Amino acid sequence: MKVTLVSRSGREVVKGGIELEDSATVKDLQETIHARTKKYYPSRQRLTLPAKPGGSAKPVVLNPKSKLLDYCEKDKSDNLTVVFKDLGPQVSYRTLFFFEYLGPLVIYPLFYYVPLYKYFGYADTDRTIHPVQTYAMYYWCLHYSKRILETFFVHRFSHATSPLSNVFRNCLYYWTFGAYVAYYVNHPLYTPVGETQWKIGFAFGLLCQVANFYCHIILSSLRSPSGNGGYQIPKGFLFNIVTCANYTTEIYQWLGFNIATQTVAGYVFLVVATSIMTNWAVGKHRRLRKLFDGKEGRPKYPRRWVILPPFF
Amino acid sequence: MASFLSTVKRIYLAIYNWAIFTGWLQVLVFAIKALNESGTAAVYDAVEKPLQLAQTAAILELISVGLVRSPVSATLPQIGSRLFVTWGILYSFPETRTHVLVSSLVISWSLTEIIRYSFFGMKEALGFTPSWLLWLRYSTFLLLYPTGITSEVGLIYIALPYIKASEKYCVRMPNKWNSSFDYYFASLAVLGIYVPGSPHMYTYMLGQRKKALSKLKAA
């Protein structure tokens with residue numbers, strides 16, 4: 001069969017089209033495109049069916065595992081037009097997450113161990129390190145080490161890659177906030193809260209981190225190793241009452257950290273992180289409710305908190 | 001119902017734009033009067049009240065952003081810098097008020113705003129704008145943006161030593177919330193924003209000019 005590959009403006013991307021076996025899959029098409037244009041490796045290609053005229057429906061994205069024939073119209077099984085979009089240089093999610101999390105993991109202890117504050121105008125003479133500052137540093141490093149371990153051993157990603165520009169944007173976010181919080185918690189003029197308060201804060205935070213880890217394990221088991229990649233209704237543990245229990249536990253974990261360390265910087269970070277995760281949670285909740293609408297034999301998505309019981 | 005709401009919106013916008021226009025006209029008149037009678041050092045005292053009123057009322061503009069189709073990325077930096085200079089520099093540090101840049105600032109701002117608000121005021125009240133006003137709106141910025149921005153940057157710069165010495169608006173450690181704020185560094189950061197911000201604003205207006213004047217030719 002012949003595949004005509006066009007860009008969104010209608011221009012032919014591969015002159016003369018591509019000849020493939022009738023039994024070819026989308027993956028074969030991707031590899032052929034890559035063979036013809038070295039620049040466009042498969043994860044950079046976004047292949048969709050041409051949008052229906054007048055329709056505002058989202059274009060159908062081709063699934064690499066499907067056969068090309070599945071996308072052909074009924075009686076036109078020897079010809080298929082596919083729209084191509086270049087997603088730009090891609091980076092694997094694992095790489096992206098690793099560098100995002102490496103920054104805070106390295107930067108925070110720098111403020112703890114290295115006498116940096118003299119460059120900010122604070123003579124480093126008789127600096128007493130409060131116990132809470134030491135525990136805060138352990139807590140923070142534990143958190144980001146956990147994140148890196150989960151990236152390599154727990155998470156299963158629906159998309160293999162992310163655009164390269166996200167590396168700069170995400171690293172800017174994590175690294176800047178890491179430095180911002182680290183600067184204040186490790187400051188020579190830091191004022192600790194009472195012992196009970198920081199003990200409760202860290203204990204609560206640790207509990208939430210453990211819960212968060214368990215949430216991640218549950219989420220990874222939702223995706224089968226064969227990489228079906230489809231959505232499933234999350235079940236078990238806190239997911240029975242909250243759609244995005246993983247975000248919930250993450251937010252409360254930072255709350256624990258802030259109760260213990262009490263800095264404006266830490267709370268600002270908490271608020272920003274919460275708003276970002278809430279945004280994601282709303283999208284995910286909506287998607288799941290739309291997908292699991294109870295019709296055509298699909299289960300109906302149960303009533304649940306979106307992200308932060310008892311508020312939302 | 002929908003047309004009633006849109007009429008209300010038009011009336012609100014018409015009143016708003018002409019009111020602010022009057023404020024800025026007052027600023028310009030008082031400024032020129034002071035320059036004629038006393039010289040540059042007297043300009044600030046003459047215009048202080050209408051300037052603060054007209055400039056701060058522009059916050060209402062941010063609400064209008066929802067009603068009028070100016071993008072936030074163009075309105076926010078402009079209002080931000082104006083409010084910072086009006087309140088954060090001139091009001092807070094009287095040592096800056098007698099500088100000659102205050103005159104160029106006030107004249108640049110008031111000329112720009114008089115044209116801008118009468119332009120929008122006419123559009124809302126009469127439904128159209130005369131082509132000479134359109135031309136003014138999209139051409140005077142070519143000179144007034146550079147003079148205005150230079151005045152703003154200049155005034156912030158000369159205020160710096162006073163800012164550093166006064167400790168005003170600064171929060172120092174130690175404190176219960178383990179936070180700090182240094183107004184001097186914040187002001188330096190604002191100066192830094194002018195570096196990418198000014199070309200952004202200027203090229204935005206150049207683009208708007210091209211669009212507006214080509215529509216004029218076609219009409």
# chains A, B, ... in the order shown; residues from 1 in each chain; ligands from 1
call {"tool": "residues_around", "arguments": {"residues": "Gln90 (chain A)", "least_positions_apart": "5", "cutoff": "12 Å", "atoms": "only C-alpha atoms", "output": "number ranges by chain"}}
result
A: 39-46, 95-96, 159-167
call {"tool": "write_last_selection", "arguments": {"atoms": "N, CA and C atoms", "output": "mmCIF file, in the first residue's frame"}}
result
data_model
loop_
_atom_site.group_PDB
_atom_site.id
_atom_site.type_symbol
_atom_site.label_atom_id
_atom_site.label_comp_id
_atom_site.auth_asym_id
_atom_site.auth_seq_id
_atom_site.Cartn_x
_atom_site.Cartn_y
_atom_site.Cartn_z
ATOM 1 N N LYS A 39 17.029 12.897 10.381
ATOM 2 C CA LYS A 39 16.743 13.809 11.488
ATOM 3 C C LYS A 39 15.541 13.354 12.311
ATOM 4 N N TYR A 40 14.558 12.741 11.608
ATOM 5 C CA TYR A 40 13.300 12.470 12.298
ATOM 6 C C TYR A 40 13.238 11.075 12.875
ATOM 7 N N TYR A 41 13.900 10.848 14.002
ATOM 8 C CA TYR A 41 13.773 9.548 14.657
ATOM 9 C C TYR A 41 12.326 9.386 15.156
ATOM 10 N N PRO A 42 11.883 8.132 15.345
ATOM 11 C CA PRO A 42 10.459 7.883 15.615
ATOM 12 C C PRO A 42 9.847 8.703 16.744
ATOM 13 N N SER A 43 10.578 8.926 17.850
ATOM 14 C CA SER A 43 9.917 9.621 18.951
ATOM 15 C C SER A 43 9.693 11.098 18.637
ATOM 16 N N ARG A 44 10.267 11.581 17.562
ATOM 17 C CA ARG A 44 10.063 12.964 17.163
ATOM 18 C C ARG A 44 8.856 13.123 16.252
ATOM 19 N N GLN A 45 8.362 11.972 15.733
ATOM 20 C CA GLN A 45 7.290 12.036 14.754
ATOM 21 C C GLN A 45 5.937 12.011 15.441
ATOM 22 N N ARG A 46 5.086 12.917 14.986
ATOM 23 C CA ARG A 46 3.712 12.829 15.442
ATOM 24 C C ARG A 46 2.875 12.574 14.195
ATOM 25 N N THR A 95 15.644 10.719 31.440
ATOM 26 C CA THR A 95 16.726 11.709 31.414
ATOM 27 C C THR A 95 16.237 13.038 31.982
ATOM 28 N N LEU A 96 15.036 13.453 31.534
ATOM 29 C CA LEU A 96 14.473 14.715 31.993
ATOM 30 C C LEU A 96 14.353 14.729 33.516
ATOM 31 N N HIS A 159 4.313 8.204 27.568
ATOM 32 C CA HIS A 159 5.108 8.583 26.396
ATOM 33 C C HIS A 159 6.570 8.336 26.735
ATOM 34 N N ALA A 160 7.351 7.872 25.793
ATOM 35 C CA ALA A 160 8.741 7.589 26.113
ATOM 36 C C ALA A 160 9.542 8.867 26.260
ATOM 37 N N THR A 161 9.131 9.939 25.539
ATOM 38 C CA THR A 161 9.984 11.112 25.473
ATOM 39 C C THR A 161 9.232 12.412 25.731
ATOM 40 N N SER A 162 10.026 13.464 25.901
ATOM 41 C CA SER A 162 9.504 14.804 26.143
ATOM 42 C C SER A 162 10.380 15.773 25.340
ATOM 43 N N PRO A 163 9.818 16.910 24.892
ATOM 44 C CA PRO A 163 10.644 17.837 24.111
ATOM 45 C C PRO A 163 11.848 18.349 24.894
ATOM 46 N N LEU A 164 12.939 18.588 24.191
ATOM 47 C CA LEU A 164 14.184 19.025 24.819
ATOM 48 C C LEU A 164 14.004 20.325 25.586
ATOM 49 N N SER A 165 13.153 21.236 25.061
ATOM 50 C CA SER A 165 12.968 22.527 25.715
ATOM 51 C C SER A 165 12.453 22.354 27.140
ATOM 52 N N ASN A 166 11.743 21.243 27.382
ATOM 53 C CA ASN A 166 11.248 21.008 28.741
ATOM 54 C C ASN A 166 12.376 20.808 29.738
ATOM 55 N N VAL A 167 13.522 20.317 29.245
ATOM 56 C CA VAL A 167 14.652 20.125 30.158
ATOM 57 C C VAL A 167 15.052 21.455 30.759
#
call {"tool": "closest_atom_pairs", "arguments": {"of": "chain B", "to": "chain A", "cutoff": "12 Å", "atoms": "only C-alpha atoms", "output": "CSV"}}
result
residue,atom,partner,partner_atom,distance
B:Val171,CA,A:Val264,CA,12.0
B:Arg172,CA,A:Leu189,CA,9.5
B:Met173,CA,A:Leu189,CA,6.0
B:Pro174,CA,A:Leu189,CA,5.1
B:Asn175,CA,A:Thr191,CA,6.5
B:Lys176,CA,A:Thr191,CA,6.2
B:Trp177,CA,A:Thr263,CA,5.1
B:Asn178,CA,A:Thr263,CA,4.8
B:Ser179,CA,A:Val264,CA,5.5
B:Ser180,CA,A:Tyr184,CA,8.5
B:Phe181,CA,A:Val264,CA,10.8
B:Asp182,CA,A:Phe120,CA,11.7
B:Phe185,CA,A:Phe120,CA,11.6
call {"tool": "closest_residue", "arguments": {"among": "A:Gly121, A:Gly178, A:Gly194, A:Gly256", "to": "Gly103 (chain A)", "atoms": "only C-alpha atoms"}}
result
A:Gly178
call {"tool": "closest_residue", "arguments": {"among": "B:Leu155, B:Ile89, B:Ser214, B:Ile79", "to": "Leu134 (chain B)", "atoms": "only C-alpha atoms"}}
result
B:Ser214
call {"tool": "residues_around", "arguments": {"residues": "Val153 (chain B)", "least_positions_apart": "2", "cutoff": "12 Å", "atoms": "only C-alpha atoms", "output": "MDAnalysis selection string"}}
result
chainID B and resid 81:82 84:85 89 101:102 104:105 145:151 155:160 187:195 197:198
call {"tool": "select_by_dssp", "arguments": {"residues": "region 197-270 of chain A", "states": "helix (DSSP H, G or I)", "output": "ChimeraX atom specification"}}
result
/A:197-222,237-240,245-261,264-270
call {"tool": "closest_residue", "arguments": {"among": "A:Phe97, A:Tyr117, A:Phe152, A:Tyr231", "to": "Tyr301 (chain A)", "atoms": "only C-alpha atoms"}}
result
A:Tyr231
call {"tool": "residues_around", "arguments": {"residues": "Val114 (chain A)", "least_positions_apart": "5", "cutoff": "12 Å", "atoms": "only C-alpha atoms", "output": "PyMOL selection string"}}
result
chain A and resi 106-109+119+124+182-183+186-187
call {"tool": "write_last_selection", "arguments": {"atoms": "C-alpha atoms", "output": "PDB file, in the first residue's frame"}}
result
ATOM      1  CA  VAL A 106      23.175  18.667  44.918  1.00  0.00           C
ATOM      2  CA  ILE A 107      22.335  22.336  45.464  1.00  0.00           C
ATOM      3  CA  TYR A 108      20.665  22.030  48.874  1.00  0.00           C
ATOM      4  CA  PRO A 109      23.598  20.336  50.648  1.00  0.00           C
ATOM      5  CA  TYR A 119      29.309  35.831  49.574  1.00  0.00           C
ATOM      6  CA  ASP A 124      30.609  32.972  58.728  1.00  0.00           C
ATOM      7  CA  ALA A 182      17.991  25.947  50.710  1.00  0.00           C
ATOM      8  CA  TYR A 183      19.245  29.526  51.110  1.00  0.00           C
ATOM      9  CA  ASN A 186      20.445  26.895  56.037  1.00  0.00           C
ATOM     10  CA  HIS A 187      20.863  30.607  56.715  1.00  0.00           C
TER      11      HIS A 187
END
call {"tool": "atom_distance", "arguments": {"atom1": "CA of Lys164 (chain B)", "atom2": "CA of Pro196 (chain B)"}}
result
24.7 Å
call {"tool": "residues_around", "arguments": {"residues": "Leu255 (chain A)", "least_positions_apart": "4", "cutoff": "8 Å", "atoms": "only C-alpha atoms", "output": "PyMOL selection string"}}
result
chain A and resi 201+205+251+259+267+270
call {"tool": "residues_around", "arguments": {"residues": "Leu207 (chain A)", "least_positions_apart": "5", "cutoff": "9 Å", "atoms": "only C-alpha atoms", "output": "list of chain:residue names"}}
result
A:Phe202, A:Asn212, A:Thr249, A:Gln253
call {"tool": "atom_distance", "arguments": {"atom1": "CA of Asp22 (chain A)", "atom2": "CA of Lys2 (chain A)"}}
result
8.9 Å
call {"tool": "residues_around", "arguments": {"residues": "Tyr183 (chain B)", "least_positions_apart": "6", "cutoff": "9 Å", "atoms": "only C-alpha atoms", "output": "list in words"}}
result
Ile163, Lys164, Glu167, Lys168, Tyr169, Cys170 and Val171 of chain B
call {"tool": "write_last_selection", "arguments": {"atoms": "N, CA, C and O atoms", "output": "PDB file, in the first residue's frame"}}
result
ATOM      1  N   ILE B 163      18.116  54.226  48.094  1.00  0.00           N
ATOM      2  CA  ILE B 163      17.453  52.969  48.466  1.00  0.00           C
ATOM      3  C   ILE B 163      18.344  52.153  49.388  1.00  0.00           C
ATOM      4  O   ILE B 163      17.928  51.658  50.431  1.00  0.00           O
ATOM      5  N   LYS B 164      19.622  52.057  48.990  1.00  0.00           N
ATOM      6  CA  LYS B 164      20.542  51.235  49.769  1.00  0.00           C
ATOM      7  C   LYS B 164      20.711  51.796  51.178  1.00  0.00           C
ATOM      8  O   LYS B 164      20.697  51.076  52.159  1.00  0.00           O
ATOM      9  N   GLU B 167      17.305  51.523  53.850  1.00  0.00           N
ATOM     10  CA  GLU B 167      16.752  50.265  54.379  1.00  0.00           C
ATOM     11  C   GLU B 167      15.224  50.218  54.277  1.00  0.00           C
ATOM     12  O   GLU B 167      14.589  49.359  54.899  1.00  0.00           O
ATOM     13  N   LYS B 168      14.669  51.119  53.506  1.00  0.00           N
ATOM     14  CA  LYS B 168      13.207  51.168  53.401  1.00  0.00           C
ATOM     15  C   LYS B 168      12.690  49.899  52.720  1.00  0.00           C
ATOM     16  O   LYS B 168      13.307  49.382  51.799  1.00  0.00           O
ATOM     17  N   TYR B 169      11.527  49.397  53.164  1.00  0.00           N
ATOM     18  CA  TYR B 169      10.865  48.217  52.607  1.00  0.00           C
ATOM     19  C   TYR B 169      11.694  46.950  52.745  1.00  0.00           C
ATOM     20  O   TYR B 169      11.388  45.944  52.117  1.00  0.00           O
ATOM     21  N   CYS B 170      12.773  46.980  53.519  1.00  0.00           N
ATOM     22  CA  CYS B 170      13.599  45.787  53.649  1.00  0.00           C
ATOM     23  C   CYS B 170      13.147  44.958  54.839  1.00  0.00           C
ATOM     24  O   CYS B 170      12.743  45.488  55.858  1.00  0.00           O
ATOM     25  N   VAL B 171      13.190  43.661  54.682  1.00  0.00           N
ATOM     26  CA  VAL B 171      12.928  42.727  55.775  1.00  0.00           C
ATOM     27  C   VAL B 171      14.224  41.981  56.020  1.00  0.00           C
ATOM     28  O   VAL B 171      14.806  41.432  55.092  1.00  0.00           O
TER      29      VAL B 171
END
call {"tool": "atom_distance", "arguments": {"atom1": "CA of Pro50 (chain B)", "atom2": "CA of Gly154 (chain B)"}}
result
22.2 Å
